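Here is the structure we will look at.
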Amino acid sequence: MKKLSLFLILIFTLNLVGCSNQKNNTNSSSISTTHTTKERNQTKMTNLKITINGKTLNAQLNSTSAAKDFKKELPTTLTFTSFMDNPEKMADLNHSLSIKGMPKGDQGKAGEIGYWSPDQRIIFYYGHVDYYPGIHIIGKFTSENYSSVISKMKDNTKVKIELN
């Protein structure tokens, strides 16, 4: 009977230790994700002026490799169109930007500017888009009215993007 009691106590203790380690792994994963998000938000930003149908929006590029490549092309005028029913507008670049050092994918959040590497496109998000490999966030809008301006853009709208 003593041996059985000791065996059960040992099993119970091992289960507690296993659960304890599992909890710590989850927390460190969460901290790592939070840290990465904070790093992206605290990088040195480059101010942009984006003109759509005579309306000016302010935005910022982050310091990722794709954003740095795109910055070298400014000023530029791109033609934006809708993409199905997604809350985004897209423009073809017809060439690639470097994604060195960037995550393999991301989710597009309202107000973010992305680079869609599989088709070499700049994307303006005015709503949430789920995670996809190939989405790379390169900046964000700082004007409060970005959502109404972008969502009302008709297909084939010419957009001027320049340093501010």
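Labels for the structure tokens follow display order: chains A, B, ..., residues from 1 in each chain, ligands from 1.
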
Mind listing the strand (DSSP E) residues of range 55-161 of chain A, per DSSP on the backbone, as a PDB file with C-alpha atoms, in the first residue's frame?
```pdb
ATOM      1  CA  LYS A  55      -7.441  64.363 -50.778  1.00  0.00           C
ATOM      2  CA  THR A  56      -4.175  64.159 -48.872  1.00  0.00           C
ATOM      3  CA  LEU A  57      -3.509  61.423 -46.334  1.00  0.00           C
ATOM      4  CA  ASN A  58      -0.474  61.231 -44.093  1.00  0.00           C
ATOM      5  CA  ALA A  59       1.277  57.921 -43.615  1.00  0.00           C
ATOM      6  CA  GLN A  60       4.576  56.469 -42.481  1.00  0.00           C
ATOM      7  CA  LEU A  61       6.878  53.776 -43.816  1.00  0.00           C
ATOM      8  CA  THR A  76       5.577  57.519 -57.606  1.00  0.00           C
ATOM      9  CA  THR A  77       2.035  57.266 -58.918  1.00  0.00           C
ATOM     10  CA  LEU A  78       0.323  53.876 -58.733  1.00  0.00           C
ATOM     11  CA  THR A  79      -3.063  52.703 -59.988  1.00  0.00           C
ATOM     12  CA  PHE A  80      -5.155  51.062 -57.256  1.00  0.00           C
ATOM     13  CA  THR A  81      -8.061  48.634 -57.614  1.00  0.00           C
ATOM     14  CA  SER A  82     -10.279  46.591 -55.294  1.00  0.00           C
ATOM     15  CA  GLU A  88      -8.103  46.530 -49.140  1.00  0.00           C
ATOM     16  CA  LYS A  89      -6.991  48.317 -52.293  1.00  0.00           C
ATOM     17  CA  MET A  90      -4.020  47.115 -54.321  1.00  0.00           C
ATOM     18  CA  ALA A  91      -1.605  48.416 -56.939  1.00  0.00           C
ATOM     19  CA  ASP A  92       0.807  46.446 -59.108  1.00  0.00           C
ATOM     20  CA  GLY A 105       3.673  36.541 -43.556  1.00  0.00           C
ATOM     21  CA  ASP A 106       1.401  38.784 -41.553  1.00  0.00           C
ATOM     22  CA  GLN A 107      -2.175  39.922 -41.221  1.00  0.00           C
ATOM     23  CA  GLY A 108      -3.315  43.207 -42.663  1.00  0.00           C
ATOM     24  CA  GLU A 112      -1.653  49.459 -42.430  1.00  0.00           C
ATOM     25  CA  ILE A 113       0.237  49.583 -45.710  1.00  0.00           C
ATOM     26  CA  GLY A 114       1.449  46.242 -46.973  1.00  0.00           C
ATOM     27  CA  TYR A 115       3.536  44.652 -49.665  1.00  0.00           C
ATOM     28  CA  TRP A 116       2.100  41.447 -51.174  1.00  0.00           C
ATOM     29  CA  ARG A 121       1.727  44.708 -55.039  1.00  0.00           C
ATOM     30  CA  ILE A 122       1.340  47.603 -52.607  1.00  0.00           C
ATOM     31  CA  ILE A 123      -1.769  47.176 -50.446  1.00  0.00           C
ATOM     32  CA  PHE A 124      -3.775  49.746 -48.458  1.00  0.00           C
ATOM     33  CA  TYR A 125      -5.815  48.047 -45.705  1.00  0.00           C
ATOM     34  CA  VAL A 129      -7.376  40.733 -43.408  1.00  0.00           C
ATOM     35  CA  ASP A 130      -6.357  37.362 -41.945  1.00  0.00           C
ATOM     36  CA  TYR A 131      -2.767  36.125 -41.830  1.00  0.00           C
ATOM     37  CA  TYR A 132      -1.336  35.024 -45.168  1.00  0.00           C
ATOM     38  CA  PRO A 133       2.212  34.068 -46.089  1.00  0.00           C
ATOM     39  CA  ILE A 135       1.840  39.803 -46.600  1.00  0.00           C
ATOM     40  CA  HIS A 136       4.591  42.141 -45.391  1.00  0.00           C
ATOM     41  CA  ILE A 137       3.657  45.285 -43.450  1.00  0.00           C
ATOM     42  CA  ILE A 138       5.703  48.287 -44.605  1.00  0.00           C
ATOM     43  CA  GLY A 139       3.855  51.194 -43.022  1.00  0.00           C
ATOM     44  CA  LYS A 140       0.680  52.734 -41.671  1.00  0.00           C
ATOM     45  CA  PHE A 141      -1.682  55.637 -42.232  1.00  0.00           C
ATOM     46  CA  THR A 157      -7.730  55.311 -59.145  1.00  0.00           C
ATOM     47  CA  LYS A 158      -4.329  56.968 -59.588  1.00  0.00           C
ATOM     48  CA  VAL A 159      -2.601  57.578 -56.246  1.00  0.00           C
ATOM     49  CA  LYS A 160       0.489  59.744 -55.785  1.00  0.00           C
ATOM     50  CA  ILE A 161       2.838  58.622 -53.004  1.00  0.00           C
TER      51      ILE A 161
END
```

(request) Determine, counting only C-alpha atoms, which protein, DNA and RNA residues have an atom within 7 Å of an atom of Leu163 in chain A; residues of the same chain fewer than 5 positions away are not included. Present the result as a list in words. (result) Asn47, Leu48, Lys49, Leu74 and Pro75 of chain A

Preceding selection exported with N, CA and C atoms as a compact mmCIF listing (two decimals), in the first residue's frame:
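As a result, result.txt now contains:
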```txt
# COMPACT_ATOMS: atom_id res chain seq x y z
N ASN A 47 8.02 59.70 -43.05
CA ASN A 47 6.73 60.33 -43.32
C ASN A 47 6.41 60.38 -44.81
N LEU A 48 5.15 60.07 -45.13
CA LEU A 48 4.66 60.08 -46.50
C LEU A 48 3.47 61.01 -46.65
N LYS A 49 3.28 61.47 -47.87
CA LYS A 49 2.06 62.19 -48.25
C LYS A 49 1.45 61.39 -49.39
N LEU A 74 10.20 56.65 -54.50
CA LEU A 74 9.31 57.80 -54.32
C LEU A 74 9.95 59.07 -54.86
N PRO A 75 9.17 59.96 -55.44
CA PRO A 75 7.71 59.91 -55.59
C PRO A 75 7.31 58.96 -56.71
```

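In terms of minimum interatomic distance to Asn62 in chain A, A:Thr46 ranks closest within A:Asn164, A:Asn86, A:Ser98, A:Thr46, counting only C-alpha atoms.
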
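Between CA of Ala110 in chain A and CA of Ser63 in chain A the interatomic distance comes to 19.4 Å.
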
(request) Would you mind writing down, as a list of chain:residue names, each residue of range 91-154 of chain A that DSSP on the backbone assigns to helix (DSSP H, G or I)? (result) A:Tyr146, A:Ser147, A:Ser148, A:Val149, A:Ile150, A:Ser151

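For the set A:Leu93, A:Ile150, A:Met45, A:Ile52, the residue with the smallest atom-to-atom gap to Asp119 in chain A is A:Leu93, counting only C-alpha atoms.
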
(message) Restricting the calculation to only C-alpha atoms: of A:Val149, A:Lys154, A:Lys100, A:Asp85, which residue gets closest to His128 in chain A?
(response) A:Asp85

(request) Could you please determine the separation between CA of Thr51 in chain A and CA of Phe83 in chain A in Å, to one decimal place? (result) 20.2 Å

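The gap separating CA of Gly54 in chain A from CA of Met153 in chain A is 11.6 Å, in Å to one decimal.
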